[in-house]
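Chemist: To be precise about what I am sending: the file is called work_27.txt and holds compact mmCIF, N, CA and C atoms.
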```txt
# COMPACT_ATOMS: atom_id res chain seq x y z
N MET A 1 73.39 92.02 -189.15
CA MET A 1 72.61 90.81 -189.18
C MET A 1 72.85 90.04 -190.49
N LYS A 2 73.10 90.73 -191.59
CA LYS A 2 73.32 90.05 -192.86
C LYS A 2 74.51 89.11 -192.78
N LYS A 3 75.58 89.55 -192.14
CA LYS A 3 76.77 88.71 -192.02
C LYS A 3 76.47 87.46 -191.20
N GLU A 4 75.70 87.61 -190.12
CA GLU A 4 75.32 86.46 -189.30
C GLU A 4 74.50 85.47 -190.11
N LEU A 5 73.56 85.98 -190.90
CA LEU A 5 72.74 85.11 -191.75
C LEU A 5 73.59 84.41 -192.80
N ALA A 6 74.52 85.15 -193.40
CA ALA A 6 75.41 84.55 -194.41
C ALA A 6 76.27 83.46 -193.79
N THR A 7 76.70 83.67 -192.56
CA THR A 7 77.50 82.65 -191.86
C THR A 7 76.69 81.38 -191.66
N ILE A 8 75.45 81.52 -191.24
CA ILE A 8 74.58 80.36 -191.04
C ILE A 8 74.37 79.61 -192.36
N VAL A 9 74.11 80.35 -193.42
CA VAL A 9 73.92 79.73 -194.74
C VAL A 9 75.21 79.03 -195.17
N SER A 10 76.33 79.70 -195.01
CA SER A 10 77.62 79.14 -195.39
C SER A 10 77.89 77.83 -194.67
N GLU A 11 77.69 77.83 -193.36
CA GLU A 11 77.93 76.62 -192.57
C GLU A 11 76.97 75.50 -192.94
N THR A 12 75.72 75.85 -193.18
CA THR A 12 74.70 74.84 -193.50
C THR A 12 74.95 74.21 -194.87
N LEU A 13 75.31 75.05 -195.84
CA LEU A 13 75.51 74.55 -197.20
C LEU A 13 76.94 74.07 -197.46
N GLY A 14 77.86 74.40 -196.56
CA GLY A 14 79.25 74.00 -196.76
C GLY A 14 79.92 74.75 -197.88
N ILE A 15 79.59 76.02 -198.02
CA ILE A 15 80.24 76.86 -199.04
C ILE A 15 80.92 78.04 -198.35
N PRO A 16 81.91 78.63 -199.01
CA PRO A 16 82.57 79.80 -198.42
C PRO A 16 81.59 80.95 -198.21
N GLU A 17 81.76 81.64 -197.10
CA GLU A 17 80.85 82.74 -196.79
C GLU A 17 80.84 83.81 -197.86
N ASN A 18 81.98 84.04 -198.50
CA ASN A 18 82.03 85.08 -199.54
C ASN A 18 81.26 84.68 -200.81
N GLU A 19 80.80 83.45 -200.88
CA GLU A 19 79.99 83.01 -202.02
C GLU A 19 78.49 83.08 -201.74
N VAL A 20 78.12 83.55 -200.54
CA VAL A 20 76.71 83.69 -200.18
C VAL A 20 76.26 85.09 -200.57
N PRO A 21 75.40 85.20 -201.59
CA PRO A 21 74.93 86.52 -202.01
C PRO A 21 73.87 87.06 -201.05
N TYR A 22 73.82 88.36 -200.91
CA TYR A 22 72.83 88.97 -200.02
C TYR A 22 71.50 89.24 -200.73
N ASP A 23 71.56 89.51 -202.02
CA ASP A 23 70.35 89.93 -202.73
C ASP A 23 69.91 88.98 -203.84
N THR A 24 70.49 87.80 -203.87
CA THR A 24 70.17 86.82 -204.90
C THR A 24 69.52 85.61 -204.26
N ASN A 25 68.60 85.00 -204.98
CA ASN A 25 67.92 83.80 -204.50
C ASN A 25 68.96 82.75 -204.11
N LEU A 26 68.89 82.29 -202.87
CA LEU A 26 69.90 81.36 -202.35
C LEU A 26 69.81 79.97 -202.97
N ILE A 27 68.74 79.69 -203.67
CA ILE A 27 68.66 78.42 -204.39
C ILE A 27 69.78 78.34 -205.42
N SER A 28 70.20 79.49 -205.93
CA SER A 28 71.26 79.53 -206.93
C SER A 28 72.62 79.08 -206.37
N VAL A 29 72.77 79.08 -205.05
CA VAL A 29 74.03 78.61 -204.45
C VAL A 29 73.86 77.28 -203.72
N GLY A 30 72.72 76.62 -203.98
CA GLY A 30 72.54 75.27 -203.45
C GLY A 30 71.55 75.10 -202.31
N LEU A 31 70.81 76.15 -201.96
CA LEU A 31 69.81 76.01 -200.91
C LEU A 31 68.74 75.01 -201.35
N HIS A 32 68.40 74.09 -200.47
CA HIS A 32 67.35 73.10 -200.74
C HIS A 32 66.49 72.97 -199.49
N SER A 33 65.41 72.23 -199.60
CA SER A 33 64.42 72.20 -198.52
C SER A 33 64.98 71.70 -197.19
N LEU A 34 65.81 70.68 -197.20
CA LEU A 34 66.37 70.17 -195.94
C LEU A 34 67.29 71.20 -195.28
N ALA A 35 68.09 71.88 -196.09
CA ALA A 35 68.96 72.92 -195.56
C ALA A 35 68.13 74.08 -195.02
N LEU A 36 67.06 74.42 -195.72
CA LEU A 36 66.22 75.51 -195.27
C LEU A 36 65.53 75.17 -193.96
N MET A 37 65.13 73.93 -193.78
CA MET A 37 64.54 73.51 -192.50
C MET A 37 65.56 73.67 -191.37
N SER A 38 66.80 73.29 -191.64
CA SER A 38 67.86 73.43 -190.65
C SER A 38 68.10 74.90 -190.33
N ILE A 39 68.12 75.74 -191.34
CA ILE A 39 68.33 77.18 -191.14
C ILE A 39 67.18 77.77 -190.33
N ALA A 40 65.95 77.37 -190.63
CA ALA A 40 64.79 77.86 -189.88
C ALA A 40 64.92 77.51 -188.40
N GLU A 41 65.37 76.29 -188.10
CA GLU A 41 65.58 75.89 -186.70
C GLU A 41 66.67 76.72 -186.04
N LYS A 42 67.77 76.93 -186.73
CA LYS A 42 68.87 77.73 -186.18
C LYS A 42 68.43 79.17 -185.92
N LEU A 43 67.68 79.75 -186.85
CA LEU A 43 67.23 81.12 -186.68
C LEU A 43 66.20 81.24 -185.56
N THR A 44 65.34 80.24 -185.43
CA THR A 44 64.36 80.22 -184.34
C THR A 44 65.07 80.22 -183.00
N GLU A 45 66.11 79.42 -182.87
CA GLU A 45 66.89 79.38 -181.63
C GLU A 45 67.65 80.68 -181.41
N LYS A 46 68.31 81.18 -182.45
CA LYS A 46 69.14 82.36 -182.32
C LYS A 46 68.35 83.60 -181.94
N TYR A 47 67.20 83.79 -182.56
CA TYR A 47 66.43 85.02 -182.35
C TYR A 47 65.24 84.83 -181.41
N ASP A 48 65.07 83.62 -180.89
CA ASP A 48 64.00 83.32 -179.94
C ASP A 48 62.63 83.74 -180.49
N ARG A 49 62.42 83.46 -181.75
CA ARG A 49 61.15 83.71 -182.43
C ARG A 49 60.87 82.51 -183.33
N ASN A 50 59.61 82.26 -183.59
CA ASN A 50 59.25 81.16 -184.47
C ASN A 50 59.46 81.59 -185.92
N ILE A 51 60.57 81.18 -186.49
CA ILE A 51 60.89 81.50 -187.88
C ILE A 51 60.42 80.32 -188.73
N LYS A 52 59.40 80.54 -189.51
CA LYS A 52 58.78 79.46 -190.27
C LYS A 52 59.50 79.21 -191.60
N PHE A 53 59.56 77.94 -191.94
CA PHE A 53 60.12 77.50 -193.22
C PHE A 53 59.46 78.26 -194.37
N SER A 54 58.13 78.33 -194.34
CA SER A 54 57.39 78.97 -195.44
C SER A 54 57.72 80.45 -195.57
N ALA A 55 57.97 81.11 -194.45
CA ALA A 55 58.32 82.54 -194.49
C ALA A 55 59.70 82.72 -195.12
N LEU A 56 60.62 81.83 -194.81
CA LEU A 56 61.96 81.90 -195.40
C LEU A 56 61.90 81.57 -196.89
N MET A 57 61.09 80.61 -197.24
CA MET A 57 60.99 80.19 -198.63
C MET A 57 60.32 81.25 -199.50
N ALA A 58 59.47 82.07 -198.90
CA ALA A 58 58.76 83.11 -199.66
C ALA A 58 59.72 84.13 -200.26
N ASN A 59 60.85 84.34 -199.61
CA ASN A 59 61.86 85.28 -200.12
C ASN A 59 63.24 84.76 -199.72
N PRO A 60 63.75 83.78 -200.45
CA PRO A 60 64.99 83.12 -200.04
C PRO A 60 66.26 83.90 -200.37
N THR A 61 66.34 85.09 -199.77
CA THR A 61 67.54 85.91 -199.89
C THR A 61 67.95 86.37 -198.50
N ILE A 62 69.20 86.68 -198.33
CA ILE A 62 69.68 87.20 -197.04
C ILE A 62 68.93 88.49 -196.70
N GLU A 63 68.78 89.37 -197.66
CA GLU A 63 68.08 90.63 -197.41
C GLU A 63 66.62 90.39 -197.02
N GLY A 64 65.97 89.44 -197.66
CA GLY A 64 64.59 89.11 -197.31
C GLY A 64 64.47 88.55 -195.92
N TRP A 65 65.40 87.67 -195.56
CA TRP A 65 65.38 87.09 -194.22
C TRP A 65 65.66 88.13 -193.15
N GLU A 66 66.58 89.05 -193.45
CA GLU A 66 66.88 90.11 -192.50
C GLU A 66 65.63 90.95 -192.23
N ALA A 67 64.90 91.32 -193.27
CA ALA A 67 63.68 92.11 -193.11
C ALA A 67 62.64 91.34 -192.31
N LEU A 68 62.49 90.06 -192.59
CA LEU A 68 61.54 89.21 -191.88
C LEU A 68 61.87 89.17 -190.38
N ILE A 69 63.12 88.91 -190.07
CA ILE A 69 63.52 88.78 -188.67
C ILE A 69 63.39 90.12 -187.95
N LYS A 70 63.81 91.20 -188.58
CA LYS A 70 63.67 92.52 -187.96
C LYS A 70 62.21 92.82 -187.67
N ASN A 71 61.34 92.43 -188.57
CA ASN A 71 59.91 92.64 -188.37
C ASN A 71 59.39 91.82 -187.18
N LEU A 72 59.90 90.62 -187.01
CA LEU A 72 59.45 89.75 -185.92
C LEU A 72 59.97 90.19 -184.55
N ILE A 73 61.16 90.79 -184.52
CA ILE A 73 61.72 91.16 -183.22
C ILE A 73 61.40 92.59 -182.82
N ASN A 74 60.81 93.35 -183.70
CA ASN A 74 60.42 94.74 -183.36
C ASN A 74 58.97 94.86 -183.11
```
Rewrite the structure from the file as structure tokens, please.
Modeler:
Amino acid sequence: MKKELATIVSETLGIPENEVPYDTNLISVGLHSLALMSIAEKLTEKYDRNIKFSALMANPTIEGWEALIKNLIN
């Protein structure tokens, strides 16, 4: 799931996937509120769960998002 999340971040921010850290705050690689809203929409569609902007913003890391999504789908 981490790779899938990194791909979404990479495509949204227009940066190479290998530059998306898994355990570092994504704001450091250019994440901003509009991009995060887009990511929340993509994740909501992909996982068929309501992924809230605020939940993603609370821990803006790939690892944090993975834990959040796993918790929602289990």
Chemist: Quick one: everything within 10 Å of Ser54 (chain A), counting only C-alpha atoms, minus sequence neighbours fewer than 5 positions away in the same chain. Send it as a list in words.
Modeler: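 Listing them by chain and then by number gives Leu36, Met37, Ala40, Asn59 and Pro60 of chain A.
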Chemist: Considering all atoms listed in the file, can you say which of A:Leu56, A:Ile8, A:Met1, A:Ile15 comes closest to Lys42 (chain A)?
Modeler: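 Residue with the minimum atom-to-atom distance to Lys42 (chain A): A:Ile8.
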Chemist: Using only C-alpha atoms and a cutoff of 12 Å, can you tell me which residues are near (62.2, 83.8, -181.3) in the file's coordinates, and write them out as an MDAnalysis selection string?
Modeler: chainID A and resid 40:52 68:74
Chemist: For CA of Ser38 (chain A) and CA of Thr12 (chain A), determine how far apart the two atoms are, in Å to one decimal place.
Modeler: 7.5 Å
Chemist: For CA of Leu13 (chain A) and atom N of Asn25 (chain A), quote the distance in Å rounded to one decimal.
Modeler: 14.7 Å
Chemist: Taking the backbone alone, and naming residues the way the document does, which bits of chain A are alpha helix (DSSP H) by DSSP, as JSON, numbers by chain?
Modeler: {"A": [2, 3, 4, 5, 6, 7, 8, 9, 10, 11, 12, 13, 33, 34, 35, 36, 37, 38, 39, 40, 41, 42, 43, 44, 45, 46, 47, 53, 54, 55, 56, 57, 58, 62, 63, 64, 65, 66, 67, 68, 69, 70, 71, 72, 73]}
Chemist: At a cut-off of 12 Å, using only C-alpha atoms, what residues contact Ser28 (chain A)? Leave out same-chain residues fewer than 3 positions from it and give the result as a PyMOL selection string.
Modeler: chain A and resi 13+19-25+31-32+60-61
Chemist: So which one's closest to Ile62 (chain A), A:Ile39, A:Leu5, A:Ser10, A:Leu34? Using all atoms listed in the file, please.
Modeler: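 That would be A:Leu5, the residue with the smallest distance to Ile62 (chain A).
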Chemist: Enter the distance from CA of Met57 (chain A) to CA of Val29 (chain A), in Å, rounded to one decimal.
Modeler: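 Going from CA of Met57 (chain A) over to CA of Val29 (chain A) covers 14.4 Å.
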Chemist: With only C-alpha atoms as the basis for distance, which of A:Ser33, A:Lys2, A:Asn18, A:Thr7 is at the shortest distance from Gly64 (chain A)?
Modeler: A:Lys2
Chemist: Output region 55-66 of chain A from the block with all heavy atoms, as an mmCIF file, in the first residue's frame?
Modeler:
```
data_model
loop_
_atom_site.group_PDB
_atom_site.id
_atom_site.type_symbol
_atom_site.label_atom_id
_atom_site.label_comp_id
_atom_site.auth_asym_id
_atom_site.auth_seq_id
_atom_site.Cartn_x
_atom_site.Cartn_y
_atom_site.Cartn_z
ATOM 1 N N ALA A 55 -8.005 14.111 8.548
ATOM 2 C CA ALA A 55 -7.331 12.885 9.002
ATOM 3 C C ALA A 55 -5.973 12.748 8.325
ATOM 4 O O ALA A 55 -4.995 12.327 8.960
ATOM 5 C CB ALA A 55 -8.201 11.673 8.719
ATOM 6 N N LEU A 56 -5.903 13.102 7.052
ATOM 7 C CA LEU A 56 -4.629 13.043 6.334
ATOM 8 C C LEU A 56 -3.668 14.109 6.855
ATOM 9 O O LEU A 56 -2.468 13.865 7.001
ATOM 10 C CB LEU A 56 -4.841 13.211 4.833
ATOM 11 C CG LEU A 56 -5.650 12.119 4.140
ATOM 12 C CD1 LEU A 56 -5.850 12.473 2.677
ATOM 13 C CD2 LEU A 56 -4.998 10.758 4.284
ATOM 14 N N MET A 57 -4.193 15.271 7.152
ATOM 15 C CA MET A 57 -3.359 16.372 7.616
ATOM 16 C C MET A 57 -2.820 16.119 9.022
ATOM 17 O O MET A 57 -1.743 16.605 9.382
ATOM 18 C CB MET A 57 -4.159 17.682 7.594
ATOM 19 C CG MET A 57 -3.335 18.914 7.769
ATOM 20 S SD MET A 57 -2.124 19.036 6.431
ATOM 21 C CE MET A 57 -1.049 20.261 7.120
ATOM 22 N N ALA A 58 -3.539 15.328 9.807
ATOM 23 C CA ALA A 58 -3.110 15.044 11.185
ATOM 24 C C ALA A 58 -1.780 14.300 11.223
ATOM 25 O O ALA A 58 -1.018 14.447 12.185
ATOM 26 C CB ALA A 58 -4.180 14.238 11.909
ATOM 27 N N ASN A 59 -1.492 13.524 10.191
ATOM 28 C CA ASN A 59 -0.230 12.787 10.115
ATOM 29 C C ASN A 59 0.168 12.681 8.644
ATOM 30 O O ASN A 59 -0.055 11.654 8.015
ATOM 31 C CB ASN A 59 -0.373 11.405 10.746
ATOM 32 C CG ASN A 59 0.954 10.690 10.868
ATOM 33 O OD1 ASN A 59 1.996 11.200 10.472
ATOM 34 N ND2 ASN A 59 0.926 9.490 11.409
ATOM 35 N N PRO A 60 0.732 13.747 8.089
ATOM 36 C CA PRO A 60 0.993 13.787 6.649
ATOM 37 C C PRO A 60 2.249 13.021 6.221
ATOM 38 O O PRO A 60 3.220 13.585 5.717
ATOM 39 C CB PRO A 60 1.116 15.283 6.354
ATOM 40 C CG PRO A 60 1.654 15.856 7.622
ATOM 41 C CD PRO A 60 1.055 15.023 8.724
ATOM 42 N N THR A 61 2.210 11.717 6.491
ATOM 43 C CA THR A 61 3.276 10.829 6.039
ATOM 44 C C THR A 61 2.642 9.627 5.352
ATOM 45 O O THR A 61 1.489 9.291 5.621
ATOM 46 C CB THR A 61 4.135 10.313 7.213
ATOM 47 O OG1 THR A 61 3.328 9.485 8.056
ATOM 48 C CG2 THR A 61 4.741 11.446 8.025
ATOM 49 N N ILE A 62 3.377 8.987 4.492
ATOM 50 C CA ILE A 62 2.883 7.780 3.828
ATOM 51 C C ILE A 62 2.557 6.716 4.878
ATOM 52 O O ILE A 62 1.506 6.072 4.819
ATOM 53 C CB ILE A 62 3.914 7.247 2.809
ATOM 54 C CG1 ILE A 62 4.126 8.252 1.665
ATOM 55 C CG2 ILE A 62 3.505 5.880 2.274
ATOM 56 C CD1 ILE A 62 2.938 8.504 0.779
ATOM 57 N N GLU A 63 3.431 6.540 5.848
ATOM 58 C CA GLU A 63 3.188 5.541 6.889
ATOM 59 C C GLU A 63 1.938 5.865 7.706
ATOM 60 O O GLU A 63 1.157 4.976 8.052
ATOM 61 C CB GLU A 63 4.406 5.418 7.802
ATOM 62 C CG GLU A 63 5.581 4.762 7.104
ATOM 63 C CD GLU A 63 6.822 4.660 7.966
ATOM 64 O OE1 GLU A 63 6.891 5.310 9.037
ATOM 65 O OE2 GLU A 63 7.742 3.920 7.550
ATOM 66 N N GLY A 64 1.728 7.137 7.995
ATOM 67 C CA GLY A 64 0.531 7.546 8.729
ATOM 68 C C GLY A 64 -0.731 7.297 7.938
ATOM 69 O O GLY A 64 -1.742 6.831 8.483
ATOM 70 N N TRP A 65 -0.684 7.605 6.649
ATOM 71 C CA TRP A 65 -1.854 7.380 5.798
ATOM 72 C C TRP A 65 -2.151 5.898 5.638
ATOM 73 O O TRP A 65 -3.298 5.488 5.637
ATOM 74 C CB TRP A 65 -1.650 8.029 4.443
ATOM 75 C CG TRP A 65 -1.569 9.526 4.504
ATOM 76 C CD1 TRP A 65 -1.777 10.339 5.595
ATOM 77 C CD2 TRP A 65 -1.252 10.398 3.432
ATOM 78 N NE1 TRP A 65 -1.606 11.652 5.256
ATOM 79 C CE2 TRP A 65 -1.275 11.722 3.934
ATOM 80 C CE3 TRP A 65 -0.930 10.194 2.107
ATOM 81 C CZ2 TRP A 65 -1.022 12.834 3.136
ATOM 82 C CZ3 TRP A 65 -0.662 11.304 1.303
ATOM 83 C CH2 TRP A 65 -0.710 12.609 1.817
ATOM 84 N N GLU A 66 -1.097 5.100 5.534
ATOM 85 C CA GLU A 66 -1.293 3.659 5.417
ATOM 86 C C GLU A 66 -2.006 3.122 6.662
ATOM 87 O O GLU A 66 -2.970 2.352 6.551
ATOM 88 C CB GLU A 66 0.044 2.949 5.236
ATOM 89 C CG GLU A 66 -0.096 1.442 5.157
ATOM 90 C CD GLU A 66 1.242 0.743 5.129
ATOM 91 O OE1 GLU A 66 2.140 1.115 5.911
ATOM 92 O OE2 GLU A 66 1.376 -0.209 4.338
#
```
